[in-house]
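Working notes for the structure below.
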Amino acid sequence: MANKMETIGVLTSGGDAPGMNAAIRAVVRTAIARGLKVKGIKKGYMGLLNEEIIDMQPKSVSDIIQRGGTVLGTARCLEFKTPEGQKRGAEICRRHGIDGMVVIGGDGSYRGAQALSRNGIHTIGLPGTIELDIACTDYTIGFDTAVNTAMEAIDKVKDTSSSHERCSIIEVMGRHAGYIALWCGIANGAEDILIPERYNFNEQDIINNIIENRKKGKTHHLIINAEGIGHSASMARRIEAATGIETRATILGYMQRGGSPTAKDRVYASMMGAKAVDILIEGKTNRVVGYRGGQYVDIDIEEALNMTKDISDYECEVARLLSL
């Protein structure tokens, strides 16, 4: 082992995502198989500063791969955003013999990982977020489960919407990104998909589309609205007033974060967890594990944070064509 690493820590930070437990399990079991000790940090960076640190064995992660959420817990921590908090976090790692850290979370978690690395703790980030909004990777842990959960719920709402000949606005999560909305819009056959990356905030276009579709004989109208646009309830009232068509808003909310992860989230998260351990053993630090072009890769955190990402015009065009 190039850096004589003996003990690694693992924590989950920010919003929880299905598949985080698969990643934790892979980190623990891969590290132990490679001859390392593992410590779990509860409640993210807040737990680190509070020294909520436990020893982990292979049995510690038995029967968790199918569970949603994170067995280590997660929390926001304003103190860790300060240089003083970051320095104290690194000192706590050293006091507990932690040579390297695997941080599972989104871009905010990466900034914390970067700070630990600057303070002498070898750190690797894993992309754990349902939003798919991390630019350095084609895949983020939890997205596949979240979008499937939303898709199944939307199918159910669509059934009753069709029975009552309603217009339905269904709001999905995604923070400032429209990936969940776009995927659900295509998968659920929506007539309108509203995403922050493309929406012009002209509700008259939607109203015109609803009226034209009724003239063509469509008995219901499905609008998928991204969280980054929001205001679904007030939008429903305005559309109903303008069209005379009963319009209902449904906000799916945090159900999208929970539930048993899909096979994809279990397998990809497991591969990323194992990859994180192996690149720590190689002596690398300040890296992010990503999935690009069919390969698991590692990228400098600074480079990853500076990358930008956008939904492709082609995907948006296909979504529009399929809604006709």
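How things are named: the first chain in the structure tokens is A, the next is B, and so on; residues count from 1 in each chain; ligands count from 1 in the order shown.
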
Q.
I'd like the neighbourhood of range 112-120 of chain A as an MDAnalysis selection string, where a residue qualifies if any of its atoms comes within 12 Å (using only C-alpha atoms), though same-chain residues fewer than 3 positions away should be ignored.
A. chainID A and resid 9:14 44:46 48 76:94 98:109 123:127 280 283:288 300:305

Q: For Thr140 in chain A, list every protein, DNA or RNA residue within 6 Å, evaluated using only C-alpha atoms, and leave out those in the same chain fewer than 3 positions away; present the list as a VMD selection string.
A: chain A and resid 127 to 129 132 143

Q | Atom-to-atom span, CA of Ile154 in chain A and CA of Leu321 in chain A, Å | A |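 According to the coordinates, CA of Ile154 in chain A and CA of Leu321 in chain A are separated by 20.2 Å.
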
**Q.** strand (DSSP E or B) call set, DSSP backbone run, range 125-299 of chain A, as a VMD selection string
**A.** chain A and resid 125 to 128 141 167 to 172 192 to 194 221 to 226 247 to 251 287 to 292 295 to 299

Store the residues of this selection in a file with N, CA and C atoms, as an mmCIF file, in the first residue's frame.
data_model
loop_
_atom_site.group_PDB
_atom_site.id
_atom_site.type_symbol
_atom_site.label_atom_id
_atom_site.label_comp_id
_atom_site.auth_asym_id
_atom_site.auth_seq_id
_atom_site.Cartn_x
_atom_site.Cartn_y
_atom_site.Cartn_z
ATOM 1 N N GLY A 125 -14.604 11.160 -2.864
ATOM 2 C CA GLY A 125 -16.040 11.400 -2.889
ATOM 3 C C GLY A 125 -16.771 10.438 -3.807
ATOM 4 N N LEU A 126 -17.986 10.056 -3.404
ATOM 5 C CA LEU A 126 -18.867 9.257 -4.260
ATOM 6 C C LEU A 126 -20.126 10.071 -4.533
ATOM 7 N N PRO A 127 -20.654 10.035 -5.767
ATOM 8 C CA PRO A 127 -21.812 10.864 -6.122
ATOM 9 C C PRO A 127 -23.132 10.274 -5.645
ATOM 10 N N GLY A 128 -23.555 10.669 -4.455
ATOM 11 C CA GLY A 128 -24.805 10.172 -3.897
ATOM 12 C C GLY A 128 -25.862 11.254 -3.903
ATOM 13 N N ILE A 141 -25.707 7.948 -7.519
ATOM 14 C CA ILE A 141 -26.360 6.947 -6.684
ATOM 15 C C ILE A 141 -27.732 7.454 -6.244
ATOM 16 N N CYS A 167 -56.940 17.563 -16.024
ATOM 17 C CA CYS A 167 -55.548 17.933 -16.256
ATOM 18 C C CYS A 167 -54.822 17.710 -14.929
ATOM 19 N N SER A 168 -53.679 17.031 -14.968
ATOM 20 C CA SER A 168 -52.906 16.773 -13.757
ATOM 21 C C SER A 168 -51.530 17.403 -13.866
ATOM 22 N N ILE A 169 -51.159 18.142 -12.834
ATOM 23 C CA ILE A 169 -49.793 18.650 -12.708
ATOM 24 C C ILE A 169 -49.126 17.842 -11.602
ATOM 25 N N ILE A 170 -48.061 17.151 -11.929
ATOM 26 C CA ILE A 170 -47.362 16.343 -10.931
ATOM 27 C C ILE A 170 -45.946 16.888 -10.776
ATOM 28 N N GLU A 171 -45.653 17.308 -9.548
ATOM 29 C CA GLU A 171 -44.348 17.907 -9.263
ATOM 30 C C GLU A 171 -43.398 16.850 -8.710
ATOM 31 N N VAL A 172 -42.230 16.755 -9.330
ATOM 32 C CA VAL A 172 -41.224 15.781 -8.908
ATOM 33 C C VAL A 172 -40.007 16.521 -8.353
ATOM 34 N N ASP A 192 -46.859 17.777 -21.347
ATOM 35 C CA ASP A 192 -45.961 18.909 -21.107
ATOM 36 C C ASP A 192 -44.958 18.533 -20.030
ATOM 37 N N ILE A 193 -43.701 18.927 -20.234
ATOM 38 C CA ILE A 193 -42.638 18.691 -19.262
ATOM 39 C C ILE A 193 -41.991 20.035 -18.965
ATOM 40 N N LEU A 194 -42.020 20.445 -17.702
ATOM 41 C CA LEU A 194 -41.483 21.747 -17.314
ATOM 42 C C LEU A 194 -40.198 21.539 -16.514
ATOM 43 N N HIS A 221 -54.784 15.450 -19.568
ATOM 44 C CA HIS A 221 -53.548 16.165 -19.910
ATOM 45 C C HIS A 221 -52.603 16.050 -18.709
ATOM 46 N N LEU A 222 -51.425 15.532 -18.966
ATOM 47 C CA LEU A 222 -50.446 15.312 -17.898
ATOM 48 C C LEU A 222 -49.285 16.286 -18.042
ATOM 49 N N ILE A 223 -49.030 17.036 -16.985
ATOM 50 C CA ILE A 223 -47.908 17.978 -16.938
ATOM 51 C C ILE A 223 -46.954 17.522 -15.832
ATOM 52 N N ILE A 224 -45.696 17.271 -16.183
ATOM 53 C CA ILE A 224 -44.681 16.962 -15.183
ATOM 54 C C ILE A 224 -43.913 18.250 -14.898
ATOM 55 N N ASN A 225 -43.927 18.646 -13.647
ATOM 56 C CA ASN A 225 -43.327 19.906 -13.240
ATOM 57 C C ASN A 225 -42.143 19.645 -12.311
ATOM 58 N N ALA A 226 -40.995 20.212 -12.642
ATOM 59 C CA ALA A 226 -39.799 20.019 -11.826
ATOM 60 C C ALA A 226 -39.848 20.889 -10.573
ATOM 61 N N THR A 247 -58.432 20.799 -12.908
ATOM 62 C CA THR A 247 -56.986 20.629 -12.867
ATOM 63 C C THR A 247 -56.540 20.401 -11.431
ATOM 64 N N ARG A 248 -55.748 19.377 -11.225
ATOM 65 C CA ARG A 248 -55.281 19.027 -9.885
ATOM 66 C C ARG A 248 -53.751 18.969 -9.867
ATOM 67 N N ALA A 249 -53.179 19.401 -8.736
ATOM 68 C CA ALA A 249 -51.726 19.335 -8.539
ATOM 69 C C ALA A 249 -51.402 18.254 -7.517
ATOM 70 N N THR A 250 -50.384 17.464 -7.808
ATOM 71 C CA THR A 250 -49.894 16.446 -6.887
ATOM 72 C C THR A 250 -48.390 16.644 -6.728
ATOM 73 N N ILE A 251 -47.946 16.809 -5.491
ATOM 74 C CA ILE A 251 -46.504 16.948 -5.217
ATOM 75 C C ILE A 251 -46.030 15.645 -4.592
ATOM 76 N N ARG A 287 -10.187 13.145 -4.760
ATOM 77 C CA ARG A 287 -10.737 12.608 -6.006
ATOM 78 C C ARG A 287 -12.225 12.301 -5.841
ATOM 79 N N VAL A 288 -12.931 12.259 -6.956
ATOM 80 C CA VAL A 288 -14.328 11.862 -7.017
ATOM 81 C C VAL A 288 -14.435 10.644 -7.936
ATOM 82 N N VAL A 289 -15.176 9.639 -7.513
ATOM 83 C CA VAL A 289 -15.449 8.497 -8.384
ATOM 84 C C VAL A 289 -16.664 8.839 -9.243
ATOM 85 N N GLY A 290 -16.541 8.606 -10.533
ATOM 86 C CA GLY A 290 -17.645 8.855 -11.445
ATOM 87 C C GLY A 290 -17.840 7.690 -12.400
ATOM 88 N N TYR A 291 -18.908 7.763 -13.173
ATOM 89 C CA TYR A 291 -19.195 6.760 -14.200
ATOM 90 C C TYR A 291 -19.338 7.507 -15.509
ATOM 91 N N ARG A 292 -18.398 7.281 -16.423
ATOM 92 C CA ARG A 292 -18.388 8.017 -17.688
ATOM 93 C C ARG A 292 -18.037 7.071 -18.831
ATOM 94 N N GLN A 295 -17.406 3.411 -17.966
ATOM 95 C CA GLN A 295 -16.288 3.062 -17.097
ATOM 96 C C GLN A 295 -16.385 3.803 -15.771
ATOM 97 N N TYR A 296 -15.894 3.166 -14.710
ATOM 98 C CA TYR A 296 -15.775 3.830 -13.414
ATOM 99 C C TYR A 296 -14.429 4.538 -13.380
ATOM 100 N N VAL A 297 -14.458 5.827 -13.177
ATOM 101 C CA VAL A 297 -13.249 6.647 -13.273
ATOM 102 C C VAL A 297 -13.123 7.500 -12.006
ATOM 103 N N ASP A 298 -11.943 8.103 -11.838
ATOM 104 C CA ASP A 298 -11.778 9.059 -10.745
ATOM 105 C C ASP A 298 -11.248 10.373 -11.300
ATOM 106 N N ILE A 299 -11.759 11.467 -10.722
ATOM 107 C CA ILE A 299 -11.516 12.813 -11.230
ATOM 108 C C ILE A 299 -11.147 13.703 -10.045
#

(Q) For Thr70 in chain A, find every residue with an atom within 10 Å (counting only C-alpha atoms), except residues of its own chain fewer than 5 positions away, and show them as JSON, numbers by chain. (A) {"A": [11, 12, 13, 15, 16, 17, 18, 19, 20, 21, 22, 23, 24, 42, 43, 64, 65, 258]}

Q: Compare A:Leu49, A:Asp278, A:Asp133, A:Gln204 by their minimum atom-to-atom distance to Gly35 in chain A, counting only C-alpha atoms, and give me the closest one.
A: A:Asp278
